[in-house]
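Novice: The following block contains the structure, expressed as structure tokens.
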Amino acid sequence: MNVSKRTWLASAFARPPLLDSLDKAVWYSRFVRWRKQHPCPVSTSRQAVYDDVARMERLDAPITYLEFGTFQGASMAWWSAFNTHPESRFVGFDSFDGLPEPWCGYDAGHFATEPPVLRDTRCRLVHGMFQRTLPDFLAAERSPHRQVIFMDADLFSSTAFVLQHLGPRLRTGDVLLFDEFHVWMDEFRAFAGFLTSFPMEYRVLRRSADWSQVAMKVVSNRYGG
């Protein structure tokens, strides 16, 4: 295909800017409505959200912690330091190549970093795109313990992929943590879409002041097990 034909096809199937603006307005409206429907206690910071949820839910017992978007490993280091139970496992998923596409003013490749060195033997890194690594991981492993799922994937596509694959694995008592939930076109929209496939009951436990970090607990999931 020559360049001029590719350019014509791209422009022919591009979404008009007005449709994008309307779409964003609709999803913002949904986000505002969701917030009103889910009042919850406010923690003073991202770190305080972790601390408050970990203590109120007694997450020092055996857990399987799955983190999507590990970056330099700060969150995983905190959780593995808080939970010292020898049966707990901590798994971080990341390509470490940075964003695969532009997001919220950041260029593709932003957040690229070297994989962190995690000296806790209970910790493990799964290196690669979620779409390549998560299906094989889930096929090979099944947690007997309560799960803590930390979503810091940023992008709608990445967050939606992870949630759809974890849906059948979520059980009563599992905890979901979102790190950029206030970006309503990405993490919030992915979560809302996930609920159409897996309409589980959940309760919002804590949030940061600006709704960036949101923690929720699975109350029941008829599709889980």
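By convention in this document, the chains of the structure tokens carry letters A, B, ... by their order, each chain's residues are numbered from 1, and ligands are numbered from 1 in the order they are shown.
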What parts of stretch 6-205 of chain A does DSSP call strand (DSSP E or B)? I'd like the answer as a tab-separated table (two decimals) with N, CA and C atoms, in the first residue's frame.

Specialist:
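File written: states.tsv
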chain	number	residue	atom	x	y	z
A	42	VAL	N	-11.61	8.88	53.50
A	42	VAL	CA	-10.52	9.46	52.72
A	42	VAL	C	-9.21	9.31	53.48
A	63	ILE	N	-1.12	-13.74	51.64
A	63	ILE	CA	-1.78	-13.14	50.48
A	63	ILE	C	-0.96	-13.45	49.21
A	64	THR	N	-1.65	-13.31	48.09
A	64	THR	CA	-0.96	-13.25	46.80
A	64	THR	C	-1.16	-11.85	46.26
A	65	TYR	N	-0.06	-11.15	46.09
A	65	TYR	CA	-0.09	-9.76	45.65
A	65	TYR	C	0.35	-9.72	44.20
A	66	LEU	N	-0.55	-9.25	43.33
A	66	LEU	CA	-0.25	-9.12	41.91
A	66	LEU	C	-0.26	-7.65	41.54
A	67	GLU	N	0.86	-7.17	41.01
A	67	GLU	CA	1.01	-5.74	40.72
A	67	GLU	C	1.22	-5.54	39.22
A	68	PHE	N	0.41	-4.68	38.62
A	68	PHE	CA	0.48	-4.44	37.19
A	68	PHE	C	0.93	-3.00	36.95
A	89	ARG	N	3.08	-14.26	48.58
A	89	ARG	CA	3.84	-14.14	47.35
A	89	ARG	C	3.52	-12.79	46.70
A	90	PHE	N	4.55	-12.19	46.07
A	90	PHE	CA	4.42	-10.87	45.48
A	90	PHE	C	4.95	-10.94	44.05
A	91	VAL	N	4.08	-10.65	43.09
A	91	VAL	CA	4.44	-10.79	41.68
A	91	VAL	C	4.19	-9.45	40.98
A	92	GLY	N	5.23	-8.93	40.35
A	92	GLY	CA	5.13	-7.66	39.64
A	92	GLY	C	5.25	-7.85	38.14
A	93	PHE	N	4.29	-7.30	37.41
A	93	PHE	CA	4.24	-7.40	35.95
A	93	PHE	C	4.60	-6.04	35.34
A	94	ASP	N	5.54	-6.03	34.41
A	94	ASP	CA	5.90	-4.79	33.74
A	94	ASP	C	6.81	-5.12	32.56
A	103	TRP	N	0.21	9.04	26.84
A	103	TRP	CA	-0.82	8.99	27.88
A	103	TRP	C	-0.69	10.22	28.79
A	106	TYR	N	2.28	12.41	28.60
A	106	TYR	CA	3.57	11.72	28.55
A	106	TYR	C	3.73	11.03	27.19
A	123	CYS	N	9.34	-12.29	46.39
A	123	CYS	CA	9.00	-11.39	45.28
A	123	CYS	C	9.51	-11.95	43.96
A	124	ARG	N	8.74	-11.68	42.92
A	124	ARG	CA	9.10	-12.14	41.58
A	124	ARG	C	8.63	-11.12	40.56
A	125	LEU	N	9.43	-10.91	39.53
A	125	LEU	CA	9.06	-10.02	38.43
A	125	LEU	C	8.73	-10.84	37.19
A	126	VAL	N	7.66	-10.43	36.50
A	126	VAL	CA	7.29	-11.04	35.21
A	126	VAL	C	7.50	-9.96	34.16
A	127	HIS	N	8.51	-10.14	33.33
A	127	HIS	CA	8.99	-9.11	32.41
A	127	HIS	C	8.32	-9.26	31.05
A	146	ARG	N	-5.85	-15.17	49.85
A	146	ARG	CA	-6.52	-13.94	49.50
A	146	ARG	C	-5.63	-13.13	48.56
A	147	GLN	N	-6.25	-12.48	47.58
A	147	GLN	CA	-5.48	-11.75	46.58
A	147	GLN	C	-5.60	-10.24	46.77
A	148	VAL	N	-4.48	-9.57	46.58
A	148	VAL	CA	-4.44	-8.12	46.52
A	148	VAL	C	-3.96	-7.77	45.12
A	149	ILE	N	-4.80	-7.09	44.35
A	149	ILE	CA	-4.49	-6.74	42.97
A	149	ILE	C	-4.21	-5.25	42.90
A	150	PHE	N	-2.99	-4.89	42.52
A	150	PHE	CA	-2.62	-3.48	42.43
A	150	PHE	C	-2.54	-3.08	40.97
A	151	MET	N	-3.44	-2.18	40.56
A	151	MET	CA	-3.53	-1.74	39.17
A	151	MET	C	-2.87	-0.38	39.00
A	175	VAL	N	-8.91	-7.86	47.31
A	175	VAL	CA	-8.82	-6.39	47.33
A	175	VAL	C	-8.24	-5.90	46.02
A	176	LEU	N	-8.89	-4.87	45.45
A	176	LEU	CA	-8.42	-4.21	44.24
A	176	LEU	C	-7.96	-2.80	44.59
A	177	LEU	N	-6.75	-2.46	44.17
A	177	LEU	CA	-6.21	-1.12	44.38
A	177	LEU	C	-5.93	-0.48	43.02
A	178	PHE	N	-6.45	0.70	42.80
A	178	PHE	CA	-6.20	1.45	41.57
A	178	PHE	C	-5.37	2.68	41.91
A	201	GLU	N	-20.29	-7.86	43.07
A	201	GLU	CA	-20.60	-6.91	44.13
A	201	GLU	C	-19.29	-6.52	44.80
A	202	TYR	N	-19.14	-5.25	45.09
A	202	TYR	CA	-17.90	-4.77	45.69
A	202	TYR	C	-18.21	-3.60	46.62
A	203	ARG	N	-17.27	-3.31	47.49
A	203	ARG	CA	-17.42	-2.17	48.40
A	203	ARG	C	-16.14	-1.35	48.34
A	204	VAL	N	-16.29	-0.04	48.18
A	204	VAL	CA	-15.14	0.85	48.18
A	204	VAL	C	-14.69	1.06	49.62
A	205	LEU	N	-13.40	0.80	49.87
A	205	LEU	CA	-12.86	0.85	51.23
A	205	LEU	C	-12.27	2.19	51.59

Novice: Please extract the residues of stretch 28-103 of chain A with a backbone DSSP assignment of helix (DSSP H, G or I) and present them as a ChimeraX atom specification.

Specialist: /A:28-37,46-56,74-82

Novice: Can you tell me which residues surround A:Met185 at a distance of at most 8 Å, considering only C-alpha atoms, apart from same-chain residues fewer than 6 positions away, and format the answer as a PyMOL selection string?

Specialist: chain A and resi 24+27-28+156

Novice: So what do you get for atom CA of A:Met76 versus atom CA of A:Thr44, distance-wise?

Specialist: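 Between these atoms lies a distance of 20.0 Å.
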
Novice: Using only C-alpha atoms, can you tell me which of A:Val214, A:Val117, A:Met56, A:Val32 comes closest to A:Trp184?

Specialist: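 Of all the options, A:Val32 lies closest to A:Trp184.
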
Novice: Would you mind reading off the distance between atom CA of A:Lys36 and atom CA of A:Ala192, one decimal, in Å?

Specialist: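 Those two atoms sit 14.9 Å apart.
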
Novice: Work out how far atom CA of A:Pro116 is from atom CA of A:Gln72, in Å to one decimal.

Specialist: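 The value is 5.2 Å.
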
Novice: From the list A:Asp152, A:His85, A:Thr133, A:Asp23, which residue is nearest A:Gly73 when using only C-alpha atoms?

Specialist: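 The shortest atom-to-atom distance to A:Gly73 comes from A:Asp152.
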